[in-house]
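Structure file protein_3.pdb (PDB, C-alpha atoms and all ligand atoms) is printed below.
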```pdb
ATOM      1  CA  MET A   1    -115.253  16.406  52.997
ATOM      2  CA  LYS A   2    -118.212  15.864  50.663
ATOM      3  CA  ARG A   3    -121.738  16.574  51.886
ATOM      4  CA  ASP A   4    -124.832  14.637  50.813
ATOM      5  CA  PHE A   5    -128.473  15.665  50.862
ATOM      6  CA  LEU A   6    -130.352  12.431  51.439
ATOM      7  CA  THR A   7    -132.815  13.761  54.015
ATOM      8  CA  VAL A   8    -133.793  17.226  55.254
ATOM      9  CA  LEU A   9    -132.127  16.538  58.617
ATOM     10  CA  ASP A  10    -128.747  16.319  56.845
ATOM     11  CA  PHE A  11    -128.751  20.144  57.046
ATOM     12  CA  SER A  12    -128.932  22.416  60.063
ATOM     13  CA  LYS A  13    -131.579  25.101  60.439
ATOM     14  CA  GLU A  14    -128.946  27.739  59.587
ATOM     15  CA  GLU A  15    -127.910  25.894  56.418
ATOM     16  CA  ILE A  16    -131.525  25.575  55.293
ATOM     17  CA  GLU A  17    -132.103  29.264  55.978
ATOM     18  CA  ALA A  18    -129.031  30.098  53.890
ATOM     19  CA  ILE A  19    -130.310  27.940  51.003
ATOM     20  CA  LEU A  20    -133.723  29.618  51.163
ATOM     21  CA  ARG A  21    -132.197  33.111  51.198
ATOM     22  CA  ARG A  22    -129.974  32.255  48.243
ATOM     23  CA  ALA A  23    -132.881  30.631  46.358
ATOM     24  CA  ILE A  24    -134.988  33.780  46.795
ATOM     25  CA  ASP A  25    -132.041  35.889  45.552
ATOM     26  CA  LEU A  26    -131.565  33.644  42.531
ATOM     27  CA  LYS A  27    -135.279  33.800  41.759
ATOM     28  CA  SER A  28    -135.116  37.608  41.771
ATOM     29  CA  GLY A  29    -132.600  37.423  38.924
ATOM     30  CA  LYS A  30    -129.588  38.306  41.064
ATOM     31  CA  ASP A  31    -126.494  36.727  39.520
ATOM     32  CA  ALA A  32    -128.376  35.656  36.373
ATOM     33  CA  GLY A  33    -125.866  34.632  33.724
ATOM     34  CA  LYS A  34    -123.142  33.918  36.283
ATOM     35  CA  CYS A  35    -121.918  30.364  35.883
ATOM     36  CA  PRO A  36    -120.238  29.287  39.127
ATOM     37  CA  LEU A  37    -120.151  25.614  38.130
ATOM     38  CA  ILE A  38    -118.604  26.009  34.699
ATOM     39  CA  GLY A  39    -116.780  22.894  33.529
ATOM     40  CA  ARG A  40    -118.517  20.612  36.044
ATOM     41  CA  SER A  41    -120.542  17.466  35.281
ATOM     42  CA  ILE A  42    -123.528  16.394  37.364
ATOM     43  CA  GLY A  43    -125.204  13.019  36.878
ATOM     44  CA  LEU A  44    -128.896  12.241  37.178
ATOM     45  CA  LEU A  45    -129.564   8.539  37.841
ATOM     46  CA  PHE A  46    -133.310   8.004  37.726
ATOM     47  CA  GLU A  47    -134.937   4.636  38.398
ATOM     48  CA  LYS A  48    -138.467   6.112  38.370
ATOM     49  CA  PRO A  49    -140.229   8.586  36.043
ATOM     50  CA  SER A  50    -140.046  12.332  36.691
ATOM     51  CA  THR A  51    -141.183  15.607  35.156
ATOM     52  CA  ARG A  52    -140.321  18.324  37.689
ATOM     53  CA  THR A  53    -137.249  16.849  39.376
ATOM     54  CA  ARG A  54    -135.524  15.914  36.147
ATOM     55  CA  VAL A  55    -136.275  19.068  34.189
ATOM     56  CA  SER A  56    -135.696  21.483  37.095
ATOM     57  CA  PHE A  57    -132.337  19.867  37.919
ATOM     58  CA  GLU A  58    -131.210  19.759  34.294
ATOM     59  CA  THR A  59    -132.165  23.429  33.884
ATOM     60  CA  ALA A  60    -130.544  24.403  37.197
ATOM     61  CA  ILE A  61    -127.320  22.634  36.207
ATOM     62  CA  TYR A  62    -127.280  24.361  32.808
ATOM     63  CA  GLN A  63    -127.967  27.785  34.334
ATOM     64  CA  LEU A  64    -125.060  27.280  36.760
ATOM     65  CA  GLY A  65    -122.762  26.563  33.816
ATOM     66  CA  ALA A  66    -122.377  22.810  34.337
ATOM     67  CA  GLN A  67    -123.305  19.815  32.205
ATOM     68  CA  SER A  68    -125.960  17.254  33.209
ATOM     69  CA  ILE A  69    -125.812  13.587  32.253
ATOM     70  CA  TYR A  70    -129.153  11.767  32.596
ATOM     71  CA  THR A  71    -129.499   7.999  32.749
ATOM     72  CA  SER A  72    -132.700   6.061  33.358
ATOM     73  CA  ALA A  73    -133.158   2.602  34.886
ATOM     74  CA  GLY A  74    -131.693  -0.149  32.766
ATOM     75  CA  GLU A  75    -129.242   2.090  30.904
ATOM     76  CA  LEU A  76    -126.360   1.541  33.314
ATOM     77  CA  GLN A  77    -124.520  -1.729  33.895
ATOM     78  CA  MET A  78    -126.240  -1.735  37.322
ATOM     79  CA  GLY A  79    -129.208  -3.141  35.432
ATOM     80  CA  ARG A  80    -127.021  -6.146  34.556
ATOM     81  CA  GLY A  81    -125.795  -6.697  38.096
ATOM     82  CA  GLU A  82    -122.877  -4.277  38.585
ATOM     83  CA  THR A  83    -123.029  -3.347  42.258
ATOM     84  CA  ILE A  84    -124.209   0.000  43.574
ATOM     85  CA  ALA A  85    -120.854   0.400  45.346
ATOM     86  CA  ASP A  86    -118.793  -0.146  42.178
ATOM     87  CA  THR A  87    -121.067   2.208  40.227
ATOM     88  CA  ALA A  88    -120.657   4.878  42.919
ATOM     89  CA  ARG A  89    -116.866   4.483  42.948
ATOM     90  CA  THR A  90    -116.658   4.685  39.154
ATOM     91  CA  LEU A  91    -118.990   7.650  38.706
ATOM     92  CA  SER A  92    -117.139   9.541  41.456
ATOM     93  CA  ARG A  93    -114.106   9.575  39.113
ATOM     94  CA  TYR A  94    -116.053  11.464  36.407
ATOM     95  CA  LEU A  95    -118.781  13.491  38.036
ATOM     96  CA  ASP A  96    -118.851  16.372  40.532
ATOM     97  CA  ALA A  97    -122.212  15.383  42.066
ATOM     98  CA  VAL A  98    -125.083  13.013  41.413
ATOM     99  CA  VAL A  99    -128.855  13.262  41.827
ATOM    100  CA  ILE A 100    -130.531   9.890  42.368
ATOM    101  CA  ARG A 101    -134.200   8.930  42.168
ATOM    102  CA  THR A 102    -134.714   5.388  43.363
ATOM    103  CA  THR A 103    -137.000   2.790  44.895
ATOM    104  CA  ASN A 104    -135.670   1.644  48.254
ATOM    105  CA  HIS A 105    -134.004   4.406  50.297
ATOM    106  CA  SER A 106    -131.217   1.984  51.274
ATOM    107  CA  ARG A 107    -130.011   2.078  47.632
ATOM    108  CA  ILE A 108    -129.205   5.783  47.805
ATOM    109  CA  GLU A 109    -127.597   5.347  51.233
ATOM    110  CA  GLU A 110    -125.360   2.607  49.834
ATOM    111  CA  PHE A 111    -124.470   4.777  46.845
ATOM    112  CA  ALA A 112    -123.635   7.741  49.089
ATOM    113  CA  LEU A 113    -121.503   5.592  51.381
ATOM    114  CA  ASN A 114    -119.337   4.517  48.467
ATOM    115  CA  ALA A 115    -119.266   7.785  46.512
ATOM    116  CA  THR A 116    -116.662  10.494  47.038
ATOM    117  CA  ILE A 117    -118.919  13.142  45.452
ATOM    118  CA  PRO A 118    -122.078  14.758  46.892
ATOM    119  CA  VAL A 119    -125.194  12.625  46.474
ATOM    120  CA  ILE A 120    -128.588  14.347  46.316
ATOM    121  CA  ASN A 121    -131.830  12.463  46.882
ATOM    122  CA  GLY A 122    -134.209  13.232  44.012
ATOM    123  CA  LEU A 123    -136.862  11.008  45.694
ATOM    124  CA  SER A 124    -136.773   7.583  47.304
ATOM    125  CA  ASP A 125    -139.601   5.553  48.785
ATOM    126  CA  ARG A 126    -138.770   7.163  52.157
ATOM    127  CA  HIS A 127    -137.815  10.807  51.489
ATOM    128  CA  HIS A 128    -138.183  13.669  49.021
ATOM    129  CA  PRO A 129    -135.969  16.372  50.559
ATOM    130  CA  CYS A 130    -135.605  18.573  47.443
ATOM    131  CA  GLN A 131    -139.381  18.824  47.323
ATOM    132  CA  ALA A 132    -139.475  19.912  50.964
ATOM    133  CA  LEU A 133    -136.902  22.662  50.283
ATOM    134  CA  ALA A 134    -139.064  24.118  47.491
ATOM    135  CA  ASP A 135    -142.146  23.725  49.688
ATOM    136  CA  ILE A 136    -140.791  25.709  52.603
ATOM    137  CA  MET A 137    -139.362  28.305  50.201
ATOM    138  CA  THR A 138    -142.905  28.718  48.863
ATOM    139  CA  VAL A 139    -144.388  29.089  52.361
ATOM    140  CA  LEU A 140    -141.719  31.668  53.231
ATOM    141  CA  GLU A 141    -142.468  33.621  50.034
ATOM    142  CA  LYS A 142    -146.216  33.578  50.597
ATOM    143  CA  ARG A 143    -146.304  34.022  54.371
ATOM    144  CA  GLY A 144    -143.015  35.784  55.189
ATOM    145  CA  ARG A 145    -142.119  33.315  57.954
ATOM    146  CA  LEU A 146    -141.960  29.600  58.784
ATOM    147  CA  GLU A 147    -141.924  29.502  62.569
ATOM    148  CA  GLY A 148    -145.358  29.006  64.014
ATOM    149  CA  ILE A 149    -147.052  28.402  60.648
ATOM    150  CA  ARG A 150    -149.903  25.897  61.001
ATOM    151  CA  PHE A 151    -149.246  23.434  58.192
ATOM    152  CA  ALA A 152    -151.864  20.725  57.565
ATOM    153  CA  PHE A 153    -150.866  17.671  55.538
ATOM    154  CA  ILE A 154    -153.925  15.699  54.454
ATOM    155  CA  GLY A 155    -153.518  12.150  53.120
ATOM    156  CA  ASP A 156    -150.826   9.521  52.901
ATOM    157  CA  GLY A 157    -147.833   9.599  55.271
ATOM    158  CA  ASN A 158    -145.535   8.957  52.310
ATOM    159  CA  ASN A 159    -142.061  10.112  51.194
ATOM    160  CA  VAL A 160    -143.255  13.716  50.734
ATOM    161  CA  ALA A 161    -144.892  13.690  54.181
ATOM    162  CA  ASN A 162    -141.740  12.238  55.766
ATOM    163  CA  SER A 163    -139.608  15.056  54.373
ATOM    164  CA  LEU A 164    -142.166  17.618  55.540
ATOM    165  CA  VAL A 165    -141.992  16.071  59.031
ATOM    166  CA  GLU A 166    -138.236  16.688  59.024
ATOM    167  CA  ALA A 167    -138.602  20.197  57.577
ATOM    168  CA  ALA A 168    -141.217  21.046  60.209
ATOM    169  CA  ALA A 169    -138.969  19.795  62.987
ATOM    170  CA  ARG A 170    -135.960  21.787  61.729
ATOM    171  CA  MET A 171    -137.833  24.998  60.977
ATOM    172  CA  GLN A 172    -140.292  25.003  63.915
ATOM    173  CA  ILE A 173    -143.373  24.693  61.733
ATOM    174  CA  ASP A 174    -146.514  23.362  63.464
ATOM    175  CA  LEU A 175    -147.321  20.309  61.348
ATOM    176  CA  VAL A 176    -150.674  18.538  61.678
ATOM    177  CA  ILE A 177    -151.072  15.369  59.644
ATOM    178  CA  ALA A 178    -154.478  13.809  59.000
ATOM    179  CA  CYS A 179    -154.251  10.259  57.682
ATOM    180  CA  PRO A 180    -156.087   6.937  58.035
ATOM    181  CA  GLU A 181    -154.770   4.505  60.637
ATOM    182  CA  GLY A 182    -151.813   2.556  59.250
ATOM    183  CA  TYR A 183    -150.795   5.326  56.814
ATOM    184  CA  GLU A 184    -148.823   7.525  59.197
ATOM    185  CA  PRO A 185    -145.373   8.874  58.263
ATOM    186  CA  ASN A 186    -142.510   6.461  58.858
ATOM    187  CA  PRO A 187    -142.087   5.883  62.633
ATOM    188  CA  GLU A 188    -138.274   6.121  62.494
ATOM    189  CA  VAL A 189    -138.531   9.425  60.635
ATOM    190  CA  LEU A 190    -141.025  10.695  63.216
ATOM    191  CA  ASP A 191    -138.839   9.613  66.156
ATOM    192  CA  ARG A 192    -135.707  11.123  64.652
ATOM    193  CA  ALA A 193    -137.472  14.397  63.854
ATOM    194  CA  ARG A 194    -138.984  14.654  67.324
ATOM    195  CA  GLU A 195    -135.590  13.922  68.853
ATOM    196  CA  ALA A 196    -133.779  16.418  66.620
ATOM    197  CA  GLU A 197    -135.979  19.378  67.505
ATOM    198  CA  LYS A 198    -138.856  20.297  69.715
ATOM    199  CA  GLY A 199    -141.035  20.843  66.653
ATOM    200  CA  ASN A 200    -144.732  20.413  67.016
ATOM    201  CA  ILE A 201    -145.869  17.388  64.971
ATOM    202  CA  ILE A 202    -149.387  16.092  65.549
ATOM    203  CA  ILE A 203    -151.028  13.127  63.860
ATOM    204  CA  LEU A 204    -154.796  12.774  63.856
ATOM    205  CA  ARG A 205    -157.530  11.119  61.829
ATOM    206  CA  ASP A 206    -160.043  13.869  61.047
ATOM    207  CA  PRO A 207    -159.014  15.985  58.027
ATOM    208  CA  ARG A 208    -161.327  18.835  59.136
ATOM    209  CA  GLU A 209    -159.641  18.993  62.519
ATOM    210  CA  ALA A 210    -156.247  19.172  60.797
ATOM    211  CA  ALA A 211    -157.432  21.836  58.347
ATOM    212  CA  ALA A 212    -159.010  24.001  61.059
ATOM    213  CA  ARG A 213    -157.233  27.385  61.208
ATOM    214  CA  ALA A 214    -154.474  26.115  58.905
ATOM    215  CA  ASP A 215    -152.199  28.532  57.039
ATOM    216  CA  VAL A 216    -151.247  25.790  54.581
ATOM    217  CA  ILE A 217    -153.223  22.819  53.272
ATOM    218  CA  TYR A 218    -150.953  20.282  51.578
ATOM    219  CA  THR A 219    -151.732  16.998  49.888
ATOM    220  CA  ASP A 220    -150.089  14.378  47.686
ATOM    221  CA  VAL A 221    -151.272  11.348  45.730
ATOM    222  CA  TRP A 222    -152.842   8.385  47.515
ATOM    223  CA  VAL A 223    -150.913   5.898  45.348
ATOM    224  CA  SER A 224    -147.210   6.647  45.061
ATOM    225  CA  MET A 225    -144.865   5.251  42.442
ATOM    226  CA  GLY A 226    -144.319   1.558  43.193
ATOM    227  CA  GLN A 227    -147.651   1.133  45.059
ATOM    228  CA  GLU A 228    -149.786   0.560  41.977
ATOM    229  CA  GLN A 229    -150.796  -2.940  43.109
ATOM    230  CA  GLU A 230    -152.489  -1.411  46.193
ATOM    231  CA  ALA A 231    -154.289   1.288  44.200
ATOM    232  CA  GLU A 232    -157.848   0.098  44.742
ATOM    233  CA  LYS A 233    -157.442  -0.457  48.488
ATOM    234  CA  ARG A 234    -155.767   2.918  48.923
ATOM    235  CA  ARG A 235    -158.446   4.825  46.981
ATOM    236  CA  GLU A 236    -161.036   3.322  49.323
ATOM    237  CA  LYS A 237    -159.023   4.089  52.497
ATOM    238  CA  PHE A 238    -158.340   7.712  51.545
ATOM    239  CA  LYS A 239    -161.666   8.779  50.084
ATOM    240  CA  ALA A 240    -162.544  10.897  53.153
ATOM    241  CA  TYR A 241    -159.220  12.736  52.785
ATOM    242  CA  GLN A 242    -159.904  14.670  49.585
ATOM    243  CA  VAL A 243    -158.850  18.325  49.575
ATOM    244  CA  ASN A 244    -162.022  19.961  48.268
ATOM    245  CA  ASP A 245    -163.866  23.265  48.794
ATOM    246  CA  ALA A 246    -165.581  22.004  51.956
ATOM    247  CA  LEU A 247    -162.257  21.062  53.560
ATOM    248  CA  LEU A 248    -160.606  24.300  52.431
ATOM    249  CA  SER A 249    -163.400  26.290  54.104
ATOM    250  CA  CYS A 250    -162.145  24.971  57.505
ATOM    251  CA  ALA A 251    -158.752  26.663  57.009
ATOM    252  CA  LYS A 252    -157.839  30.332  57.475
ATOM    253  CA  ASP A 253    -159.433  32.657  54.901
ATOM    254  CA  ASP A 254    -156.059  33.324  53.286
ATOM    255  CA  ALA A 255    -154.748  29.723  53.491
ATOM    256  CA  ILE A 256    -152.585  28.492  50.642
ATOM    257  CA  VAL A 257    -153.053  25.092  49.005
ATOM    258  CA  MET A 258    -149.993  23.070  48.073
ATOM    259  CA  HIS A 259    -149.328  19.831  46.191
ATOM    260  CA  CYS A 260    -145.945  18.496  45.109
ATOM    261  CA  LEU A 261    -147.461  17.293  41.809
ATOM    262  CA  PRO A 262    -148.189  15.250  39.778
ATOM    263  CA  ALA A 263    -151.799  15.425  41.016
ATOM    264  CA  HIS A 264    -154.524  12.876  40.476
ATOM    265  CA  ARG A 265    -157.260  15.457  39.970
ATOM    266  CA  GLY A 266    -160.585  14.297  41.351
ATOM    267  CA  GLU A 267    -158.880  11.968  43.861
ATOM    268  CA  GLU A 268    -156.773  13.694  46.529
ATOM    269  CA  ILE A 269    -157.609  17.179  45.210
ATOM    270  CA  THR A 270    -160.506  18.603  43.216
ATOM    271  CA  ASP A 271    -160.093  20.750  40.107
ATOM    272  CA  SER A 272    -161.826  23.642  41.868
ATOM    273  CA  VAL A 273    -159.206  23.709  44.639
ATOM    274  CA  MET A 274    -156.203  22.966  42.444
ATOM    275  CA  ASP A 275    -157.184  25.711  39.982
ATOM    276  CA  GLY A 276    -158.671  27.995  42.642
ATOM    277  CA  LEU A 277    -157.438  31.262  44.126
ATOM    278  CA  HIS A 278    -155.734  29.632  47.124
ATOM    279  CA  SER A 279    -153.609  27.258  45.044
ATOM    280  CA  VAL A 280    -149.862  27.939  44.785
ATOM    281  CA  VAL A 281    -148.952  24.598  43.225
ATOM    282  CA  PHE A 282    -147.195  26.005  40.162
ATOM    283  CA  ASP A 283    -145.186  28.535  42.201
ATOM    284  CA  GLN A 284    -144.168  25.548  44.278
ATOM    285  CA  ALA A 285    -143.133  23.644  41.133
ATOM    286  CA  GLU A 286    -141.154  26.683  39.908
ATOM    287  CA  ASN A 287    -139.352  26.920  43.238
ATOM    288  CA  ARG A 288    -137.829  23.487  42.647
ATOM    289  CA  LEU A 289    -135.549  25.221  40.116
ATOM    290  CA  HIS A 290    -134.418  28.086  42.369
ATOM    291  CA  SER A 291    -133.971  26.043  45.540
ATOM    292  CA  GLN A 292    -132.010  23.328  43.716
ATOM    293  CA  LYS A 293    -129.684  25.942  42.200
ATOM    294  CA  ALA A 294    -128.956  27.175  45.732
ATOM    295  CA  LEU A 295    -128.482  23.570  46.885
ATOM    296  CA  LEU A 296    -126.026  22.785  44.072
ATOM    297  CA  GLU A 297    -124.048  25.957  44.765
ATOM    298  CA  LEU A 298    -123.685  24.841  48.362
ATOM    299  CA  LEU A 299    -122.746  21.201  47.697
ATOM    300  CA  VAL A 300    -120.633  21.295  44.546
ATOM    301  CA  LYS A 301    -117.240  22.786  45.351
TER
HETATM  302  N1  LIG A 401    -142.784  16.669  42.569
HETATM  303  C1  LIG A 401    -141.979  15.880  41.855
HETATM  304  O1  LIG A 401    -140.955  15.393  42.310
HETATM  305  O2  LIG A 401    -142.390  15.681  40.573
HETATM  306  P1  LIG A 401    -141.764  14.683  39.515
HETATM  307  O3  LIG A 401    -142.119  13.289  39.936
HETATM  308  O4  LIG A 401    -142.422  15.062  38.218
HETATM  309  O5  LIG A 401    -140.281  14.867  39.478
HETATM  310  N1  LIG A 402    -145.447  10.419  46.687
HETATM  311  C1  LIG A 402    -145.228  10.564  45.274
HETATM  312  C2  LIG A 402    -144.428  11.794  44.995
HETATM  313  C3  LIG A 402    -144.151  12.066  43.546
HETATM  314  C4  LIG A 402    -143.364  13.322  43.337
HETATM  315  C5  LIG A 402    -144.517   9.325  44.741
HETATM  316  O1  LIG A 402    -143.569   8.850  45.375
HETATM  317  O2  LIG A 402    -144.932   8.813  43.699
END
```
Serialized structure, structure tokens:
Amino acid sequence: MKRDFLTVLDFSKEEIEAILRRAIDLKSGKDAGKCPLIGRSIGLLFEKPSTRTRVSFETAIYQLGAQSIYTSAGELQMGRGETIADTARTLSRYLDAVVIRTTNHSRIEEFALNATIPVINGLSDRHHPCQALADIMTVLEKRGRLEGIRFAFIGDGNNVANSLVEAAARMQIDLVIACPEGYEPNPEVLDRAREAEKGNIIILRDPREAAARADVIYTDVWVSMGQEQEAEKRREKFKAYQVNDALLSCAKDDAIVMHCLPAHRGEEITDSVMDGLHSVVFDQAENRLHSQKALLELLVK
């Protein structure tokens, strides 16, 4: 039976722990040069731009001994009206797994429903589960534990925030989100996460209150891909939510600063914080590679 990874809650706590352990092993160089997926083909269907997700997956696939096949929006017959279902059925006859980056989350759900191979969400408007895996791997590396970590997310309750909500629920992280009214994480995601676990997820308005005593300060862009027409309104709404030195001073002395990247420097995060001593953003970006190798090993049989 094929397994998909469309949202963090698709995996149990034990499965996520196993992925993190394996990712840390792989990062240490254990099993370097071993190619468990030799002879396999993994597709990347991307309907939005990407730097980290594309390159880390293509590298992960190569390092595992498999071949990656990348297609961008408009290159497939889907762009001329072939249905998602027929595309999924066809590609399942060639590929061993597929990573999809898309607009509406329902597109990846429809693909997964009709595919007989594992489908991995490489970002949709609703979720970014691969990012969350690398994020919690980074927290584990830097802090040695996840349970009870005070994790402050400052800014837009977007796809990245939604996946962090699910990761927090699964891994018993204390998540505090500071966002303007109307920009909370998706209510269905919140309900499902709160139902799934007794994780501690708090939403408030004041970024300083969220940052107080935090072990982790996390932010993401105020204008996600596909929201460009709202850019001006969003920049106005979020201007009190910048992660800067003053906000960082509210957190624990040894707090780490995280960002999924790409950053809009000078908007949601200042240069001084992004390039400062607390920032782990490039370790976080590197961990996309290791955690996705562990994920592929688990899903591709
Ligand atoms: N963090 C992330 O997914 O980056 P890309 O958009 O560059 O893939
Ligand atoms: N929230 C951002 C994440 C990019 C990795 C977006 O969807 O554009």
Self-check item: ligand LIG 402 (chain A) neighbours within 6 Å using all atoms listed in the file, as an NGL selection string
Solution: :A and (158-160 or 221 or 224-225 or 261)
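Note that CA of Val280 in chain A and CA of Asp253 in chain A are 14.7 Å apart.
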Exercise. Report as a PyMOL selection string which protein, DNA and RNA residues come within 8 Å of ligand LIG 401 (chain A), using all atoms listed in the file.
Key: chain A and resi 49-55+122-123+128+131+260-262+285
Self-check item: Ground truth for the PyMOL selection byres (((chain A and resi 26) around 12) and not hetatm), written as a PyMOL selection string
Solution: chain A and resi 19-25+27-34+60+63-64+287-295+297
Exercise. Carefully work through the PyMOL selection byres (((chain A and resi 38) around 8) and not hetatm) for this structure and note down the residues it includes, as an NGL selection string.
Key: :A and (35-37 or 39-40 or 64-66)
Quiz prompt | Selection result for the PyMOL selection byres (((chain A and resi 278) around 9) and not hetatm) on this file, as number ranges by chain | solution = A: 248, 254-258, 273-277, 279-280
Quiz prompt | Of the listed residues A:Ile154, A:Glu228, A:Ser41, A:Leu9, that which approaches Asp96 in chain A most closely, counting all atoms listed in the file | solution = A:Ser41
Quiz item: Nearest to Ala169 in chain A: which of A:Ile61, A:Ala196, A:Ala251, A:Ile149 is it, counting all atoms listed in the file?
Solution: A:Ala196
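If you measure from each of A:Thr7, A:His127, A:Tyr241, A:Arg89 to Ile177 in chain A using all atoms listed in the file, the closest one turns out to be A:Tyr241.
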